[in-house]
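Chemist: My structure file query14.cif, mmCIF, C-alpha atoms, is below:
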```
data_final
loop_
_atom_site.label_atom_id
_atom_site.label_comp_id
_atom_site.auth_asym_id
_atom_site.auth_seq_id
_atom_site.Cartn_x
_atom_site.Cartn_y
_atom_site.Cartn_z
CA MET A 1 -12.41 -14.99 14.83
CA LEU A 2 -15.27 -16.97 13.25
CA ARG A 3 -16.47 -13.87 11.39
CA SER A 4 -12.97 -13.27 10.01
CA ILE A 5 -12.80 -16.88 8.77
CA LEU A 6 -16.25 -16.61 7.17
CA SER A 7 -15.27 -13.35 5.48
CA LEU A 8 -12.67 -15.32 3.52
CA PHE A 9 -15.64 -16.89 1.73
CA GLU A 10 -17.39 -13.59 0.98
CA PRO A 11 -18.94 -13.99 -2.50
CA PHE A 12 -17.02 -11.14 -4.13
CA ILE A 13 -13.67 -12.45 -2.92
CA LEU A 14 -14.52 -15.86 -4.34
CA MET A 15 -15.59 -14.25 -7.62
CA LEU A 16 -12.36 -12.27 -7.73
CA LEU A 17 -10.28 -15.41 -7.23
CA GLY A 18 -12.40 -17.22 -9.82
CA THR A 19 -11.82 -14.41 -12.32
CA VAL A 20 -8.06 -14.62 -11.83
CA ALA A 21 -8.24 -18.40 -12.33
CA LEU A 22 -10.33 -17.97 -15.49
CA ALA A 23 -7.93 -15.37 -16.88
CA SER A 24 -5.02 -17.70 -16.10
CA LEU A 25 -6.59 -20.67 -17.89
CA LEU A 26 -8.51 -18.88 -20.67
CA PRO A 27 -7.02 -15.42 -21.21
CA ALA A 28 -8.70 -13.15 -23.73
CA ARG A 29 -6.91 -13.05 -27.07
CA GLY A 30 -7.39 -11.28 -30.38
CA ASP A 31 -10.85 -9.86 -31.08
CA TRP A 32 -12.20 -11.24 -27.81
CA ALA A 33 -9.56 -9.29 -25.88
CA THR A 34 -10.60 -6.11 -27.72
CA MET A 35 -14.29 -6.71 -26.98
CA ALA A 36 -13.58 -7.50 -23.32
CA GLY A 37 -11.54 -4.31 -23.04
CA TYR A 38 -14.39 -2.21 -24.43
CA ALA A 39 -16.84 -3.89 -22.04
CA ALA A 40 -14.53 -3.23 -19.07
CA ASP A 41 -14.16 0.44 -20.03
CA GLY A 42 -17.94 0.77 -20.38
CA GLY A 43 -18.45 -0.80 -16.96
CA ILE A 44 -16.03 1.65 -15.32
CA VAL A 45 -17.76 4.64 -16.97
CA LEU A 46 -21.15 3.42 -15.76
CA LEU A 47 -19.79 2.77 -12.27
CA PHE A 48 -18.47 6.30 -11.80
CA PHE A 49 -21.64 7.78 -13.30
CA LEU A 50 -23.73 5.94 -10.71
CA HIS A 51 -21.39 7.01 -7.90
CA GLY A 52 -21.83 10.62 -8.97
CA ALA A 53 -25.60 10.23 -9.06
CA LYS A 54 -25.60 8.65 -5.61
CA LEU A 55 -23.69 11.39 -3.77
CA SER A 56 -26.04 14.17 -2.66
CA ARG A 57 -24.96 17.80 -2.48
CA ASP A 58 -26.35 18.09 1.04
CA ALA A 59 -24.08 15.25 2.19
CA ILE A 60 -21.12 17.02 0.59
CA TRP A 61 -21.75 20.34 2.37
CA GLU A 62 -22.64 18.72 5.68
CA GLY A 63 -19.56 16.55 5.80
CA ALA A 64 -17.23 19.21 4.40
CA ARG A 65 -17.53 21.20 7.61
CA ASN A 66 -15.36 18.68 9.46
CA TRP A 67 -12.23 19.85 7.66
CA ARG A 68 -9.74 18.67 10.32
CA LEU A 69 -10.98 15.12 9.96
CA HIS A 70 -10.87 15.22 6.15
CA LEU A 71 -7.35 16.63 6.13
CA ALA A 72 -6.25 13.86 8.50
CA VAL A 73 -7.75 11.20 6.20
CA LEU A 74 -6.15 12.76 3.10
CA ALA A 75 -2.79 13.07 4.86
CA THR A 76 -2.88 9.39 5.78
CA THR A 77 -3.96 8.33 2.29
CA PHE A 78 -1.61 10.48 0.22
CA VAL A 79 1.33 11.14 2.58
CA VAL A 80 1.71 8.37 5.18
CA PHE A 81 0.84 5.56 2.77
CA PRO A 82 3.20 6.75 -0.03
CA LEU A 83 6.06 7.14 2.46
CA CYS A 84 5.47 3.54 3.53
CA GLY A 85 5.35 2.55 -0.14
CA LEU A 86 8.72 4.12 -0.84
CA ALA A 87 10.19 2.26 2.11
CA LEU A 88 8.71 -1.04 0.88
CA ALA A 89 9.92 -0.48 -2.68
CA GLY A 90 13.45 -0.14 -1.31
CA ILE A 91 13.51 -3.57 0.36
CA PRO A 92 16.64 -5.38 -0.88
CA HIS A 93 16.17 -8.30 -3.30
CA LEU A 94 12.44 -7.55 -3.75
CA ALA A 95 11.45 -8.31 -7.34
CA GLY A 96 11.09 -5.16 -9.41
CA PRO A 97 7.47 -5.69 -10.57
CA VAL A 98 6.43 -6.60 -7.01
CA ALA A 99 8.06 -3.44 -5.66
CA ALA A 100 6.25 -1.39 -8.31
CA GLY A 101 2.92 -2.99 -7.41
CA LEU A 102 3.40 -2.32 -3.70
CA LEU A 103 4.26 1.33 -4.32
CA PHE A 104 1.30 1.75 -6.69
CA LEU A 105 -0.98 0.31 -3.99
CA THR A 106 0.09 3.01 -1.53
CA LEU A 107 -0.67 5.81 -4.01
CA LEU A 108 -4.35 4.92 -4.48
CA PRO A 109 -7.31 6.77 -2.92
CA SER A 110 -9.47 5.29 -0.17
CA THR A 111 -12.44 3.02 -0.76
CA VAL A 112 -15.99 4.36 -0.70
CA GLN A 113 -18.51 1.59 0.01
CA SER A 114 -16.52 -0.46 2.51
CA SER A 115 -15.25 2.61 4.40
CA ILE A 116 -18.82 3.83 4.86
CA ALA A 117 -20.14 0.36 5.66
CA PHE A 118 -17.53 -0.34 8.34
CA THR A 119 -18.00 3.14 9.83
CA ALA A 120 -21.73 2.47 10.08
CA ILE A 121 -21.18 -0.94 11.70
CA ALA A 122 -18.77 0.59 14.23
CA ARG A 123 -21.31 3.38 14.92
CA GLY A 124 -19.07 6.17 13.69
CA ASN A 125 -19.85 9.42 11.87
CA VAL A 126 -21.36 8.07 8.65
CA ALA A 127 -21.94 11.50 7.03
CA ALA A 128 -18.27 12.39 7.53
CA ALA A 129 -17.22 8.99 6.19
CA VAL A 130 -19.25 9.58 3.02
CA CYS A 131 -17.48 12.90 2.47
CA SER A 132 -13.98 11.72 3.40
CA ALA A 133 -14.14 8.66 1.15
CA SER A 134 -15.69 10.64 -1.71
CA PHE A 135 -13.17 13.48 -1.41
CA SER A 136 -10.34 10.93 -1.40
CA ASN A 137 -11.60 9.35 -4.63
CA LEU A 138 -12.19 12.66 -6.40
CA ILE A 139 -8.76 14.02 -5.44
CA GLY A 140 -7.20 10.65 -6.26
CA ILE A 141 -8.34 10.89 -9.87
CA VAL A 142 -5.80 13.69 -10.26
CA LEU A 143 -3.34 13.05 -7.43
CA THR A 144 -2.71 9.32 -7.91
CA PRO A 145 -1.48 9.65 -11.53
CA ALA A 146 0.65 12.62 -10.48
CA LEU A 147 2.22 10.60 -7.66
CA VAL A 148 2.80 7.69 -10.03
CA ALA A 149 4.65 9.99 -12.42
CA LEU A 150 6.64 11.54 -9.57
CA LEU A 151 7.56 8.45 -7.57
CA MET A 152 7.49 5.48 -9.95
CA GLY A 153 9.80 6.71 -12.70
CA GLY A 154 12.18 3.76 -12.74
CA ILE A 155 10.87 1.36 -10.10
CA GLY A 156 10.54 -2.23 -11.24
CA GLY A 157 10.50 -1.36 -14.93
CA ALA A 158 6.72 -0.96 -14.67
CA GLY A 159 6.77 2.02 -16.95
CA GLY A 160 4.23 3.91 -14.88
CA GLY A 161 3.91 7.49 -15.93
CA ILE A 162 1.51 10.21 -16.90
CA SER A 163 1.14 11.26 -20.51
CA LEU A 164 -1.43 13.34 -22.35
CA SER A 165 -3.25 10.19 -23.45
CA ALA A 166 -3.24 8.84 -19.87
CA VAL A 167 -4.68 12.10 -18.53
CA GLU A 168 -7.34 12.06 -21.24
CA ALA A 169 -8.29 8.46 -20.50
CA ILE A 170 -8.58 9.08 -16.76
CA VAL A 171 -10.66 12.22 -17.25
CA LEU A 172 -12.99 10.56 -19.75
CA GLN A 173 -13.37 7.26 -17.87
CA LEU A 174 -13.54 8.51 -14.27
CA LEU A 175 -13.99 12.24 -13.79
CA VAL A 176 -16.42 13.11 -16.60
CA PRO A 177 -18.84 10.26 -15.78
CA PHE A 178 -18.75 11.15 -12.07
CA VAL A 179 -19.52 14.83 -12.73
CA ALA A 180 -22.19 13.91 -15.29
CA GLY A 181 -23.78 11.54 -12.79
CA HIS A 182 -23.80 14.16 -10.06
CA LEU A 183 -25.32 16.79 -12.39
CA SER A 184 -28.00 14.27 -13.37
CA ARG A 185 -29.12 13.75 -9.76
CA PRO A 186 -32.46 15.59 -10.22
CA TRP A 187 -33.43 12.86 -12.70
CA THR A 188 -31.34 9.84 -11.68
CA GLY A 189 -30.76 10.29 -7.92
CA GLY A 190 -34.04 8.72 -6.86
CA PHE A 191 -33.62 5.80 -9.26
CA VAL A 192 -30.12 5.03 -7.96
CA ALA A 193 -31.20 5.40 -4.31
CA ARG A 194 -34.03 2.91 -4.81
CA ARG A 195 -31.79 0.39 -6.55
CA LYS A 196 -28.73 0.00 -4.36
CA ALA A 197 -28.29 -3.53 -5.66
CA LEU A 198 -27.71 -2.10 -9.14
CA LEU A 199 -24.70 -0.12 -7.92
CA THR A 200 -23.29 -3.23 -6.26
CA VAL A 201 -23.68 -5.27 -9.46
CA VAL A 202 -22.06 -2.58 -11.61
CA ASP A 203 -19.32 -2.02 -9.02
CA ARG A 204 -18.34 -5.64 -8.76
CA GLY A 205 -19.03 -6.53 -12.37
CA SER A 206 -16.83 -3.73 -13.75
CA ILE A 207 -13.97 -4.69 -11.44
CA LEU A 208 -14.21 -8.34 -12.45
CA LEU A 209 -14.19 -7.40 -16.14
CA VAL A 210 -11.10 -5.23 -15.77
CA VAL A 211 -9.33 -7.84 -13.65
CA TYR A 212 -10.09 -10.48 -16.28
CA THR A 213 -8.73 -8.38 -19.14
CA ALA A 214 -5.69 -7.17 -17.16
CA PHE A 215 -4.72 -10.61 -15.90
CA GLY A 216 -5.44 -12.18 -19.27
CA ALA A 217 -3.02 -9.79 -20.95
CA ALA A 218 -0.44 -10.43 -18.24
CA VAL A 219 -0.82 -14.22 -18.53
CA VAL A 220 -0.31 -14.03 -22.29
CA GLU A 221 2.94 -12.15 -21.56
CA GLY A 222 4.09 -14.82 -19.05
CA LEU A 223 2.83 -13.48 -15.70
CA TRP A 224 3.01 -16.78 -13.81
CA HIS A 225 6.54 -17.41 -15.06
CA ARG A 226 7.64 -14.17 -13.39
CA VAL A 227 5.63 -14.38 -10.13
CA SER A 228 6.02 -17.48 -7.95
CA GLY A 229 4.05 -18.81 -4.99
CA ALA A 230 6.77 -17.48 -2.72
CA ASP A 231 6.28 -14.02 -4.25
CA LEU A 232 2.54 -14.19 -3.53
CA ALA A 233 3.18 -15.21 0.08
CA LEU A 234 5.68 -12.37 0.49
CA ILE A 235 3.23 -9.83 -0.98
CA ALA A 236 0.49 -11.02 1.38
CA LEU A 237 2.82 -10.72 4.38
CA ILE A 238 3.96 -7.23 3.40
CA CYS A 239 0.36 -6.10 2.78
CA THR A 240 -0.66 -7.39 6.22
CA LEU A 241 2.19 -5.55 7.92
CA LEU A 242 1.43 -2.38 5.93
CA LEU A 243 -2.22 -2.45 6.98
CA GLY A 244 -1.24 -3.04 10.61
CA VAL A 245 1.11 -0.05 10.60
CA VAL A 246 -1.46 2.30 9.05
CA LEU A 247 -4.23 1.11 11.38
CA LEU A 248 -1.95 1.87 14.34
CA VAL A 249 -1.04 5.29 12.92
CA THR A 250 -4.68 6.27 12.33
CA TRP A 251 -5.72 5.05 15.78
CA LEU A 252 -2.95 7.04 17.47
CA ALA A 253 -3.65 10.09 15.30
CA GLY A 254 -7.32 10.04 16.26
CA ARG A 255 -6.35 10.17 19.92
CA ALA A 256 -3.60 12.76 19.45
CA LEU A 257 -5.91 15.10 17.49
CA GLY A 258 -8.61 14.82 20.14
CA PHE A 259 -11.29 13.52 17.78
CA ALA A 260 -14.58 12.32 19.20
CA ARG A 261 -15.07 8.56 19.08
CA GLU A 262 -17.31 8.81 15.99
CA ASP A 263 -14.75 10.87 14.05
CA ALA A 264 -11.80 8.73 15.17
CA ILE A 265 -13.62 5.73 13.67
CA VAL A 266 -13.88 7.58 10.34
CA LEU A 267 -10.13 8.27 10.35
CA LEU A 268 -9.40 4.64 11.20
CA PHE A 269 -11.49 3.14 8.40
CA CYS A 270 -11.24 5.78 5.65
CA GLY A 271 -7.55 6.40 6.26
CA SER A 272 -6.46 2.76 6.25
CA LYS A 273 -8.08 1.58 3.01
CA LYS A 274 -7.08 1.51 -0.63
CA SER A 275 -9.59 1.37 -3.48
CA LEU A 276 -9.60 -1.61 -5.81
CA ALA A 277 -12.38 0.07 -7.82
CA SER A 278 -10.15 3.08 -8.58
CA GLY A 279 -6.88 1.17 -8.75
CA VAL A 280 -7.93 -1.28 -11.45
CA PRO A 281 -8.88 1.25 -14.15
CA MET A 282 -5.98 3.57 -13.24
CA ALA A 283 -3.48 0.73 -13.59
CA GLY A 284 -4.95 -0.11 -16.98
CA VAL A 285 -4.36 3.46 -18.13
CA LEU A 286 -1.00 4.15 -16.48
CA PHE A 287 0.91 0.92 -17.16
CA PRO A 288 1.66 -1.22 -20.22
CA ALA A 289 -0.81 -4.09 -20.67
CA ALA A 290 1.85 -6.70 -19.95
CA GLN A 291 2.63 -5.08 -16.57
CA VAL A 292 -0.90 -4.42 -15.29
CA GLY A 293 -1.49 -7.91 -13.90
CA VAL A 294 1.68 -7.86 -11.80
CA VAL A 295 1.05 -4.33 -10.59
CA LEU A 296 -2.47 -5.25 -9.47
CA LEU A 297 -1.47 -8.31 -7.41
CA PRO A 298 -0.66 -6.28 -4.25
CA VAL A 299 -3.84 -4.20 -4.71
CA MET A 300 -6.01 -7.32 -4.87
CA LEU A 301 -4.35 -9.00 -1.89
CA PHE A 302 -4.49 -5.82 0.20
CA HIS A 303 -8.16 -5.44 -0.69
CA GLN A 304 -9.02 -8.84 0.74
CA ILE A 305 -6.84 -8.40 3.84
CA GLN A 306 -8.35 -4.99 4.64
CA LEU A 307 -11.89 -6.36 4.34
CA ILE A 308 -11.18 -9.18 6.78
CA ALA A 309 -9.28 -7.05 9.31
CA CYS A 310 -11.68 -4.11 9.24
CA ALA A 311 -14.71 -6.40 9.55
CA VAL A 312 -13.30 -7.73 12.81
CA ILE A 313 -12.39 -4.24 14.09
CA ALA A 314 -15.77 -2.75 13.17
CA ARG A 315 -17.60 -5.55 14.95
CA ARG A 316 -15.52 -5.02 18.10
CA TYR A 317 -16.32 -1.30 18.06
CA ALA A 318 -20.01 -2.15 17.69
CA ASP A 319 -19.89 -4.65 20.54
CA ALA A 320 -18.12 -2.11 22.78
CA ALA A 321 -20.77 0.51 21.95
CA SER A 322 -23.54 -1.95 22.77
CA VAL A 323 -21.94 -2.75 26.12
CA ALA A 324 -21.59 0.97 26.86
CA ASP A 325 -25.25 1.56 25.97
CA ALA A 326 -26.34 -1.32 28.18
CA THR A 327 -24.21 -0.04 31.06
CA ALA A 328 -25.62 3.47 30.65
CA GLY A 329 -29.15 2.08 30.63
CA THR A 330 -28.51 0.06 33.77
CA GLY A 331 -27.04 3.10 35.48
CA THR A 332 -30.07 5.17 34.61
CA GLU A 333 -32.44 2.58 36.00
CA ALA A 334 -30.41 2.47 39.19
CA GLY A 335 -30.74 6.21 39.60
CA ALA A 336 -27.28 7.11 38.36
CA THR A 337 -26.82 10.35 36.50
CA VAL A 338 -25.86 9.81 32.86
CA ARG A 339 -24.58 12.74 30.81
CA PRO A 340 -26.42 13.34 27.53
#
```
In structure tokens, how does this file's structure come out?

Modeler:
Amino acid sequence: MLRSILSLFEPFILMLLGTVALASLLPARGDWATMAGYAADGGIVLLFFLHGAKLSRDAIWEGARNWRLHLAVLATTFVVFPLCGLALAGIPHLAGPVAAGLLFLTLLPSTVQSSIAFTAIARGNVAAAVCSASFSNLIGIVLTPALVALLMGGIGGAGGGISLSAVEAIVLQLLVPFVAGHLSRPWTGGFVARRKALLTVVDRGSILLVVYTAFGAAVVEGLWHRVSGADLALIALICTLLLGVVLLVTWLAGRALGFAREDAIVLLFCGSKKSLASGVPMAGVLFPAAQVGVVLLPVMLFHQIQLIACAVIARRYADAASVADATAGTGTEAGATVRP
């Protein structure tokens, strides 16, 4: 419980809240808004380039062998979540922009860094987590916009859709830099591996820039006149319930599919998350500037809730594994037979 309370004060969450406050008080306007937009786009391009340079081909081939696990993660991310999103968007009397934001949240790919980090803490299959999370993000570059066009046609007046210019922007900002980064691994892979802090700075910095520009544009268009404190509380409650449902589904699916403990942990963490890093730039491309801030509210709240909940769950898995190891060690010392 103490760890979950402390995680509320995790530096990035505080920076994210501070960025929203800054955009609310001092939104970018005129030339400054144009410059901030260019800087945000540049940060996203650099972020996906570094992610491509970080992912080794050996890790891809090694993790790709566990196809049942990866299919289960993808099914949760792009089937179970969207079905939940459609149900949420149909809640009576739910404000249109809020419904659109909740549905958009459920169409996003999984996270990369936090999924891998929590899998490692819980002592799961880290190699498989790297592949599952990476596959989810790569497929999401194409699948998320397609699902937005298919499912969000008239929900909430958000105007989400896929056009030739949207496809071009997504390919140029996300896919091309990722592929270029991966192809540059012989020259850049070692540099990126030695400077993990650089990836963290670019990751968080690019998200903060896009959040600032998106919320600034939304504030200029009257965001806080359309979204009340009660709306925020309702979004947080719905996001918490959504995460709880998906965590339960992934836990039950891991048992039903007969996955080993290490693989079930991967399904739990990779299947239950949604990527703020992918969602922010996609929203900027797929929705009108005035709508992006509202659409991103559920994504931001879900991001924080999933970090807190999964931190607690991962620590409990780790503690259980430590107890099991200690018990096995005691049994060995006492002459008990322990299976390898």

Chemist: Selection in question (the file shown): the PyMOL selection byres ((chain A and resi 73-89) around 10). Which residues does it include, as a PyMOL selection string?

Modeler: chain A and resi 67-72+90-92+94-110+129+132-133+135-136+139-140+143-144+147+151-152+155-156+238-239+242-243+245-246+249-250+253+266-274

Chemist: If I take CA of Asn137 (chain A) and CA of Ser115 (chain A), how far is one from the other in Å, to one decimal?

Modeler: 11.8 Å

Chemist: Since I can't run it myself right now, could you work out what the PyMOL selection byres ((chain A and resi 46-54) around 9) selects here and report it as a PyMOL selection string?

Modeler: chain A and resi 41-45+55-56+173-186+188-190+192-193+199+202-203+206

Chemist: Please determine, counting all atoms listed in the file, which residue among A:Lys196, A:Val211, A:Pro11, A:Asp58 has the shortest atom-to-atom distance to Ala39 (chain A).

Modeler: A:Val211

Chemist: Just want the 10 Å neighbourhood of region 16-19 of chain A, counted on only C-alpha atoms, with same-chain residues fewer than 2 positions away dropped. Output as an NGL selection string.

Modeler: :A and (11-14 or 21-25 or 204-205 or 207-213 or 215-216 or 300 or 304)

Chemist: What separation in Å, quoted to one decimal, exists between CA of Leu296 (chain A) and CA of Ile121 (chain A)?

Modeler: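 About the pair CA of Leu296 (chain A) and CA of Ile121 (chain A): they are 28.6 Å apart.
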
Chemist: Taking the file above as input, evaluate the PyMOL selection byres ((chain A and resi 283) around 9) and report the hits as a ChimeraX atom specification.

Modeler: /A:104,160,214,278-282,284-289,291-293,295-296

Chemist: Do you have the CA of Arg123 (chain A)-CA of Ala318 (chain A) distance handy?

Modeler: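 Result for CA of Arg123 (chain A) versus CA of Ala318 (chain A): 6.3 Å, one decimal.
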
Chemist: Quick one: of A:Ile265, A:Cys131, A:Leu297, A:Ala36, who's nearest to Ala233 (chain A), counting all atoms listed in the file?

Modeler: A:Leu297
